[in-house]
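Engineer: Structure: my_file.cif, mmCIF, C-alpha atoms.
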```
data_coords
#
loop_
_atom_site.label_atom_id
_atom_site.label_comp_id
_atom_site.auth_asym_id
_atom_site.auth_seq_id
_atom_site.Cartn_x
_atom_site.Cartn_y
_atom_site.Cartn_z
CA MET A 1082 21.83 -8.76 17.86
CA LYS A 1083 20.79 -5.97 15.50
CA GLN A 1084 19.48 -2.87 17.27
CA SER A 1085 15.76 -2.48 16.68
CA PHE A 1086 14.40 0.65 15.11
CA GLY A 1087 12.75 1.90 18.31
CA GLU A 1088 16.01 1.33 20.20
CA LYS A 1089 17.84 3.55 17.72
CA PHE A 1090 15.53 6.42 18.61
CA LYS A 1091 16.12 5.85 22.31
CA SER A 1092 19.92 5.76 21.98
CA LEU A 1093 19.78 8.91 19.84
CA PHE A 1094 18.00 10.76 22.67
CA SER A 1095 20.48 9.57 25.27
CA LYS A 1096 23.43 10.81 23.18
CA ASN A 1097 22.51 14.27 21.98
CA LYS A 1098 18.97 15.34 22.73
CA GLY A 1099 17.73 18.37 20.80
CA ASN A 1100 21.03 19.73 19.42
CA GLU A 1101 22.16 20.00 15.77
CA ASP A 1102 23.75 16.52 15.75
CA PHE A 1103 20.51 15.10 17.08
CA TYR A 1104 18.50 16.34 14.08
CA GLU A 1105 21.20 15.26 11.59
CA GLU A 1106 21.24 11.76 13.05
CA LEU A 1107 17.45 11.65 13.18
CA ILE A 1108 17.38 12.22 9.40
CA ASP A 1109 19.74 9.25 8.96
CA ILE A 1110 17.54 7.04 11.14
CA LEU A 1111 14.38 7.99 9.22
CA VAL A 1112 16.10 7.32 5.88
CA GLU A 1113 17.30 3.97 7.23
CA GLY A 1114 13.67 3.27 8.14
CA ASP A 1115 12.78 3.59 4.43
CA ILE A 1116 11.43 7.12 4.57
CA GLY A 1117 12.84 8.88 1.50
CA ALA A 1118 15.60 11.45 2.02
CA LYS A 1119 13.45 14.34 0.76
CA THR A 1120 10.58 13.46 3.11
CA ALA A 1121 12.96 12.81 6.04
CA TYR A 1122 14.61 16.25 5.64
CA GLU A 1123 11.24 18.01 5.44
CA ILE A 1124 9.83 16.25 8.52
CA VAL A 1125 12.97 16.84 10.61
CA ASP A 1126 13.14 20.52 9.57
CA GLU A 1127 9.53 20.91 10.68
CA LEU A 1128 10.23 19.05 13.92
CA GLU A 1129 13.26 21.21 14.74
CA GLU A 1130 11.29 24.39 14.03
CA ASN A 1131 8.32 23.28 16.19
CA CYS A 1132 10.58 22.20 19.07
CA LYS A 1133 12.48 25.50 19.07
CA LYS A 1134 9.34 27.60 18.74
CA ASN A 1135 7.48 25.76 21.51
CA LYS A 1136 10.58 25.13 23.69
CA ILE A 1137 10.13 21.36 23.53
CA THR A 1138 13.19 19.62 25.00
CA ASP A 1139 11.87 16.55 26.81
CA GLU A 1140 12.48 13.23 25.04
CA LYS A 1141 8.85 12.13 25.34
CA ASP A 1142 7.56 15.48 24.05
CA ILE A 1143 9.97 15.50 21.08
CA LEU A 1144 8.88 11.96 20.18
CA ASN A 1145 5.21 12.95 20.46
CA GLU A 1146 5.85 15.95 18.21
CA LEU A 1147 7.53 13.65 15.67
CA LYS A 1148 4.61 11.23 15.94
CA LYS A 1149 2.18 14.09 15.22
CA LEU A 1150 4.13 15.08 12.10
CA LEU A 1151 4.29 11.49 10.85
CA LEU A 1152 0.59 10.93 11.56
CA ALA A 1153 -0.26 13.98 9.47
CA THR A 1154 1.63 12.38 6.60
CA VAL A 1155 0.42 8.76 6.73
CA LYS A 1156 -3.13 8.31 5.49
CA GLN A 1157 -5.49 5.41 6.11
CA TYR A 1158 -8.31 4.39 3.78
CA GLU A 1159 -11.48 2.40 4.36
CA LEU A 1160 -11.82 0.07 1.41
CA LYS A 1161 -15.24 -1.52 1.10
CA PRO A 1162 -17.66 -2.18 -1.76
CA GLU A 1163 -20.80 -0.10 -2.00
CA GLU A 1164 -23.91 -2.14 -1.38
CA GLY A 1165 -26.42 -2.45 -4.21
CA LYS A 1166 -23.84 -1.39 -6.83
CA ASN A 1167 -21.35 -2.91 -9.24
CA ASN A 1168 -17.88 -2.52 -7.72
CA ILE A 1169 -14.65 -3.16 -9.62
CA TRP A 1170 -11.23 -3.03 -8.01
CA MET A 1171 -8.14 -3.20 -10.19
CA VAL A 1172 -5.16 -4.51 -8.21
CA LEU A 1173 -1.77 -3.34 -9.47
CA GLY A 1174 1.87 -3.92 -8.58
CA VAL A 1175 5.12 -5.28 -9.95
CA ASN A 1176 5.85 -9.00 -10.06
CA GLY A 1177 7.18 -10.40 -6.80
CA VAL A 1178 5.38 -8.13 -4.32
CA GLY A 1179 2.70 -10.72 -3.47
CA LYS A 1180 0.00 -9.18 -5.65
CA THR A 1181 -1.90 -12.34 -6.66
CA THR A 1182 -1.86 -13.68 -3.08
CA SER A 1183 -3.07 -10.27 -1.83
CA VAL A 1184 -5.97 -10.45 -4.29
CA ALA A 1185 -6.96 -13.82 -2.75
CA LYS A 1186 -6.58 -12.48 0.81
CA LEU A 1187 -8.70 -9.45 -0.06
CA ALA A 1188 -11.39 -11.63 -1.63
CA LEU A 1189 -11.59 -13.94 1.39
CA TRP A 1190 -11.63 -10.95 3.77
CA PHE A 1191 -14.69 -9.48 2.03
CA LYS A 1192 -16.35 -12.87 1.58
CA ASN A 1193 -16.02 -13.34 5.37
CA HIS A 1194 -17.41 -9.82 5.86
CA GLY A 1195 -20.66 -10.49 4.01
CA VAL A 1196 -19.91 -9.89 0.31
CA GLU A 1197 -21.63 -12.83 -1.40
CA ASN A 1198 -21.49 -11.89 -5.08
CA LEU A 1199 -17.74 -11.82 -5.61
CA VAL A 1200 -15.62 -12.70 -8.65
CA LEU A 1201 -11.87 -12.65 -9.24
CA ALA A 1202 -10.68 -11.60 -12.72
CA SER A 1203 -7.46 -13.19 -13.90
CA ALA A 1204 -6.32 -10.15 -15.91
CA ASP A 1205 -2.60 -10.92 -15.62
CA THR A 1206 -2.65 -12.90 -18.88
CA PHE A 1207 1.03 -12.25 -19.59
CA ARG A 1208 2.39 -14.56 -16.89
CA ALA A 1209 0.92 -18.04 -17.38
CA ALA A 1210 1.61 -18.97 -13.75
CA ALA A 1211 -0.54 -16.02 -12.57
CA ILE A 1212 -3.66 -17.54 -14.17
CA GLU A 1213 -3.01 -20.93 -12.55
CA GLN A 1214 -2.11 -19.31 -9.23
CA LEU A 1215 -5.35 -17.32 -9.09
CA ALA A 1216 -7.37 -20.42 -10.08
CA MET A 1217 -5.76 -22.30 -7.17
CA HIS A 1218 -6.54 -19.43 -4.75
CA GLY A 1219 -10.13 -19.36 -6.01
CA GLU A 1220 -10.47 -23.08 -5.31
CA LYS A 1221 -9.01 -22.79 -1.81
CA THR A 1222 -11.05 -19.72 -0.81
CA GLY A 1223 -14.26 -20.77 -2.55
CA VAL A 1224 -14.34 -17.61 -4.68
CA ARG A 1225 -15.25 -17.79 -8.38
CA VAL A 1226 -12.48 -16.92 -10.86
CA VAL A 1227 -13.01 -15.72 -14.44
CA SER A 1228 -10.04 -16.28 -16.75
CA HIS A 1229 -9.15 -16.53 -20.44
CA GLN A 1230 -6.19 -18.28 -22.01
CA HIS A 1231 -2.61 -17.13 -21.62
CA GLY A 1232 -1.81 -14.10 -23.80
CA SER A 1233 -5.45 -13.00 -24.25
CA ASP A 1234 -6.72 -9.43 -23.83
CA PRO A 1235 -6.79 -8.56 -20.07
CA SER A 1236 -9.58 -6.00 -20.49
CA ALA A 1237 -11.80 -8.72 -22.05
CA VAL A 1238 -11.27 -10.81 -18.89
CA VAL A 1239 -12.38 -7.89 -16.71
CA PHE A 1240 -15.37 -7.28 -19.03
CA ASP A 1241 -16.50 -10.91 -18.66
CA ALA A 1242 -15.91 -10.89 -14.88
CA ALA A 1243 -18.05 -7.76 -14.55
CA ASP A 1244 -20.83 -9.44 -16.57
CA ALA A 1245 -20.54 -12.57 -14.39
CA VAL A 1246 -21.08 -10.47 -11.26
CA SER A 1247 -23.89 -8.29 -12.62
CA SER A 1248 -25.79 -11.37 -13.92
CA LYS A 1249 -26.35 -12.22 -10.24
CA GLY A 1250 -27.09 -8.64 -9.16
CA PRO A 1251 -24.76 -6.08 -7.56
CA GLY A 1252 -21.37 -7.26 -6.30
CA LEU A 1253 -17.60 -7.00 -6.48
CA VAL A 1254 -14.95 -7.83 -9.09
CA ILE A 1255 -11.32 -7.90 -7.93
CA ALA A 1256 -8.98 -7.94 -10.93
CA ASP A 1257 -5.40 -9.21 -10.77
CA THR A 1258 -3.26 -7.37 -13.37
CA ALA A 1259 0.21 -7.72 -14.89
CA GLY A 1260 3.16 -5.79 -13.46
CA ARG A 1261 5.93 -5.67 -16.05
CA LEU A 1262 7.68 -2.40 -15.27
CA HIS A 1263 10.64 -3.18 -17.53
CA ASN A 1264 8.31 -2.60 -20.48
CA LYS A 1265 6.65 0.47 -19.06
CA GLU A 1266 5.06 1.86 -22.23
CA ASN A 1267 3.24 -1.38 -23.05
CA LEU A 1268 2.22 -1.82 -19.42
CA VAL A 1269 0.78 1.70 -19.24
CA ARG A 1270 -1.14 1.19 -22.50
CA GLU A 1271 -2.51 -2.14 -21.26
CA LEU A 1272 -3.54 -0.68 -17.89
CA GLN A 1273 -5.24 2.28 -19.54
CA LYS A 1274 -7.28 -0.11 -21.69
CA ILE A 1275 -8.33 -2.11 -18.59
CA ASP A 1276 -9.00 1.23 -16.87
CA ARG A 1277 -11.50 2.21 -19.58
CA THR A 1278 -13.26 -1.16 -19.28
CA CYS A 1279 -13.50 -0.88 -15.48
CA THR A 1280 -14.83 2.68 -15.72
CA SER A 1281 -17.55 1.60 -18.17
CA LYS A 1282 -18.62 -1.51 -16.21
CA ALA A 1283 -18.55 -0.22 -12.61
CA SER A 1284 -21.29 1.87 -11.02
CA GLU A 1285 -20.37 5.53 -10.61
CA GLY A 1286 -17.75 6.02 -7.87
CA CYS A 1287 -17.38 2.23 -7.37
CA TYR A 1288 -14.20 1.66 -9.35
CA LYS A 1289 -11.01 1.61 -7.25
CA LYS A 1290 -7.34 1.19 -8.17
CA ILE A 1291 -5.22 -0.46 -5.49
CA ILE A 1292 -1.45 -0.92 -5.58
CA VAL A 1293 0.32 -3.73 -3.74
CA ILE A 1294 3.80 -2.83 -2.47
CA ASP A 1295 6.43 -4.82 -0.63
CA SER A 1296 7.08 -3.08 2.73
CA THR A 1297 10.71 -4.18 2.68
CA THR A 1298 11.64 -2.43 -0.58
CA GLY A 1299 11.78 1.17 0.68
CA GLN A 1300 12.30 3.73 -2.06
CA ASN A 1301 11.54 1.19 -4.80
CA ALA A 1302 8.01 1.00 -3.41
CA LEU A 1303 7.65 4.78 -3.76
CA ARG A 1304 8.93 4.68 -7.37
CA GLN A 1305 6.49 1.87 -8.23
CA ALA A 1306 3.58 3.80 -6.72
CA GLU A 1307 4.64 6.83 -8.76
CA VAL A 1308 4.66 4.91 -12.07
CA PHE A 1309 1.25 3.30 -11.54
CA ASN A 1310 -0.21 6.53 -10.18
CA GLU A 1311 0.91 8.41 -13.30
CA ALA A 1312 -0.56 5.66 -15.51
CA VAL A 1313 -4.03 5.31 -14.01
CA GLY A 1314 -4.20 7.09 -10.63
CA ILE A 1315 -4.12 5.10 -7.38
CA ASP A 1316 -6.78 5.13 -4.65
CA ALA A 1317 -5.11 3.00 -1.98
CA VAL A 1318 -2.13 0.86 -1.02
CA ILE A 1319 -1.86 -2.68 0.34
CA MET A 1320 1.48 -3.25 2.13
CA THR A 1321 2.80 -6.83 2.04
CA LYS A 1322 5.60 -8.57 3.98
CA TYR A 1323 4.97 -6.18 6.85
CA ASP A 1324 6.08 -8.85 9.33
CA SER A 1325 9.60 -9.18 7.93
CA THR A 1326 10.71 -5.60 8.54
CA ALA A 1327 10.88 -3.24 11.49
CA LYS A 1328 10.82 -0.33 9.06
CA GLY A 1329 8.06 0.05 6.48
CA GLY A 1330 8.60 3.81 6.35
CA CYS A 1331 7.64 3.83 2.66
CA ALA A 1332 4.02 4.47 3.75
CA VAL A 1333 5.21 7.86 5.05
CA SER A 1334 6.88 8.78 1.74
CA ILE A 1335 3.93 7.55 -0.35
CA GLY A 1336 1.52 9.49 1.87
CA ARG A 1337 3.55 12.70 1.80
CA GLU A 1338 4.77 12.73 -1.80
CA LEU A 1339 1.82 11.11 -3.59
CA ASN A 1340 -1.00 11.63 -1.07
CA ILE A 1341 -2.01 7.96 -1.39
CA PRO A 1342 -3.50 6.25 1.69
CA VAL A 1343 -2.99 2.67 2.93
CA ALA A 1344 -5.98 0.32 3.22
CA PHE A 1345 -4.57 -3.03 4.35
CA VAL A 1346 -1.33 -4.63 5.57
CA CYS A 1347 -0.42 -8.27 4.96
CA THR A 1348 1.69 -9.89 7.65
CA GLY A 1349 2.32 -13.46 6.48
CA GLU A 1350 1.60 -16.25 4.01
CA LYS A 1351 -1.80 -17.44 5.27
CA TYR A 1352 -5.04 -16.11 3.77
CA SER A 1353 -5.97 -14.73 7.19
CA ASP A 1354 -2.72 -12.71 7.43
CA ILE A 1355 -4.34 -9.45 6.34
CA LYS A 1356 -5.64 -6.62 8.49
CA ILE A 1357 -7.03 -3.12 8.14
CA PHE A 1358 -4.27 -0.52 8.26
CA ASN A 1359 -4.27 1.64 11.37
CA ALA A 1360 -2.10 4.77 11.01
CA GLU A 1361 -1.59 5.34 14.73
CA GLU A 1362 -0.64 1.72 15.39
CA TYR A 1363 1.74 1.85 12.42
CA ILE A 1364 3.49 5.04 13.64
CA ASN A 1365 3.74 3.65 17.20
CA ASP A 1366 5.40 0.52 15.78
CA PHE A 1367 7.69 2.60 13.61
CA LEU A 1368 8.85 4.77 16.52
CA GLY A 1369 8.95 1.94 19.04
CA LEU A 1370 6.38 3.64 21.28
#
```
Write the structure described by the file as structure tokens, please.

Structural biologist:
Amino acid sequence: MKQSFGEKFKSLFSKNKGNEDFYEELIDILVEGDIGAKTAYEIVDELEENCKKNKITDEKDILNELKKLLLATVKQYELKPEEGKNNIWMVLGVNGVGKTTSVAKLALWFKNHGVENLVLASADTFRAAAIEQLAMHGEKTGVRVVSHQHGSDPSAVVFDAADAVSSKGPGLVIADTAGRLHNKENLVRELQKIDRTCTSKASEGCYKKIIVIDSTTGQNALRQAEVFNEAVGIDAVIMTKYDSTAKGGCAVSIGRELNIPVAFVCTGEKYSDIKIFNAEEYINDFLGL
């Protein structure tokens, strides 16, 4: 049976607590846990310095010091629509990360938490299946979906979805967008056009950009966050497939290198498999505490 991540930390302490080899091996373990090499080196350097300066040698104390450093890096974000205002959330991410399903989960979460005026915008008009998929999710969750035909202008879909919401008073639009990173220039141009539409239709301060990343993809997740952040700026992350990995350290790299917080984690296929991200719980899981 494969050694769990927390067990690796424990066996590391039993072998060579606090010496040079210990810190070298700790870097390897953090990198294996999907924390980027640059971030892992920085955190371990800081840890070694703090432990030497404060004469920390006990296993529990070293782990707590590491936990403190990781907690300072991972950010959590409270994502909720402002009452009495027009809120628009653009959901981004590459194909295959579970973006469209996450949009449905998010919609049902907020519907169950009292948001009545809620519309999904099918702004991934490039992939025909995405339009059908979102329509199916809308049917199953009882949330209205606004869509145009395949190949139409995504920003026009968002425009119409925003009008559909505001015709019934203040509310929330959640827009599903395309994620074709292989054609980055076109993608960026398309997103910037949707970005302008969202900015013009949302109330001030009520437009959010959320990226969906696959927890199991490690450094790829960081690269994806970088690309979308450069294109339009990202407010928060949703981590998917969090149940299928004992790692998920990409949240540490994204927090440290891009200063982007995490709002939700998705843990399975069901609509209910979504929960608010808790940084302390996440770090405890990561370290096997």

Engineer: Run the PyMOL selection byres ((chain A and resi 1147-1156) around 6) on the file and write out the hits as number ranges by chain.

Structural biologist: A: 1144-1146, 1157, 1333, 1336-1337, 1342

Engineer: Between region 1259-1359 of chain A and region 1239-1251 of chain A, at 10 Å or less, what are the per-residue closest atom pairs and their distances in Å? Count only C-alpha atoms, order by chain and rising residue number, and return it as a tab-separated table.

Structural biologist:
```
residue	atom	partner	partner_atom	distance
A:Ile1275	CA	A:Val1239	CA	7.3
A:Asp1276	CA	A:Val1239	CA	9.7
A:Thr1278	CA	A:Phe1240	CA	6.5
A:Cys1279	CA	A:Val1239	CA	7.2
A:Ser1281	CA	A:Phe1240	CA	9.2
A:Lys1282	CA	A:Ala1243	CA	6.5
A:Ala1283	CA	A:Ala1243	CA	7.8
A:Ser1284	CA	A:Pro1251	CA	9.3
```

Engineer: As an exercise, work out the distance from CA of Glu1220 (chain A) to CA of Lys1180 (chain A) in Å and give it to one decimal place.

Structural biologist: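 Answer for the CA of Glu1220 (chain A) to CA of Lys1180 (chain A) separation: 17.4 Å.
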
Engineer: Assuming the chain letters and numbering stay as they are in my file, what does the PyMOL selection byres ((chain A and resi 1199) around 12) actually select? List them as a CSV table (one decimal) with C-alpha atoms, in the coordinates of the input.

Structural biologist:
```csv
chain,number,residue,atom,x,y,z
A,1162,PRO,CA,-17.7,-2.2,-1.8
A,1167,ASN,CA,-21.4,-2.9,-9.2
A,1168,ASN,CA,-17.9,-2.5,-7.7
A,1169,ILE,CA,-14.6,-3.2,-9.6
A,1170,TRP,CA,-11.2,-3.0,-8.0
A,1184,VAL,CA,-6.0,-10.4,-4.3
A,1185,ALA,CA,-7.0,-13.8,-2.8
A,1187,LEU,CA,-8.7,-9.4,-0.1
A,1188,ALA,CA,-11.4,-11.6,-1.6
A,1189,LEU,CA,-11.6,-13.9,1.4
A,1190,TRP,CA,-11.6,-11.0,3.8
A,1191,PHE,CA,-14.7,-9.5,2.0
A,1192,LYS,CA,-16.4,-12.9,1.6
A,1193,ASN,CA,-16.0,-13.3,5.4
A,1194,HIS,CA,-17.4,-9.8,5.9
A,1195,GLY,CA,-20.7,-10.5,4.0
A,1196,VAL,CA,-19.9,-9.9,0.3
A,1197,GLU,CA,-21.6,-12.8,-1.4
A,1198,ASN,CA,-21.5,-11.9,-5.1
A,1200,VAL,CA,-15.6,-12.7,-8.6
A,1201,LEU,CA,-11.9,-12.6,-9.2
A,1202,ALA,CA,-10.7,-11.6,-12.7
A,1219,GLY,CA,-10.1,-19.4,-6.0
A,1222,THR,CA,-11.0,-19.7,-0.8
A,1223,GLY,CA,-14.3,-20.8,-2.6
A,1224,VAL,CA,-14.3,-17.6,-4.7
A,1225,ARG,CA,-15.2,-17.8,-8.4
A,1226,VAL,CA,-12.5,-16.9,-10.9
A,1227,VAL,CA,-13.0,-15.7,-14.4
A,1242,ALA,CA,-15.9,-10.9,-14.9
A,1243,ALA,CA,-18.0,-7.8,-14.6
A,1244,ASP,CA,-20.8,-9.4,-16.6
A,1245,ALA,CA,-20.5,-12.6,-14.4
A,1246,VAL,CA,-21.1,-10.5,-11.3
A,1247,SER,CA,-23.9,-8.3,-12.6
A,1248,SER,CA,-25.8,-11.4,-13.9
A,1249,LYS,CA,-26.4,-12.2,-10.2
A,1250,GLY,CA,-27.1,-8.6,-9.2
A,1251,PRO,CA,-24.8,-6.1,-7.6
A,1252,GLY,CA,-21.4,-7.3,-6.3
A,1253,LEU,CA,-17.6,-7.0,-6.5
A,1254,VAL,CA,-15.0,-7.8,-9.1
A,1255,ILE,CA,-11.3,-7.9,-7.9
A,1256,ALA,CA,-9.0,-7.9,-10.9
```

Engineer: Give the answer as one residue: which of A:Ala1312, A:Leu1303, A:Ile1335, A:Ala1204 has the shortest atom-to-atom distance to Val1269 (chain A), using all atoms listed in the file?

Structural biologist: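 Under the stated criterion, the closest residue is A:Ala1312.
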
Engineer: Counting all atoms listed in the file, figure out which residue out of A:Ala1211, A:Ala1216, A:Val1308, A:Ile1319 gets nearest to Glu1266 (chain A).

Structural biologist: A:Val1308

Engineer: What is the distance, in Å and to one decimal place, between CA of Leu1368 (chain A) and CA of Ala1332 (chain A)?

Structural biologist: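 Taking CA of Leu1368 (chain A) as the start and CA of Ala1332 (chain A) as the end point, the length is 13.7 Å.
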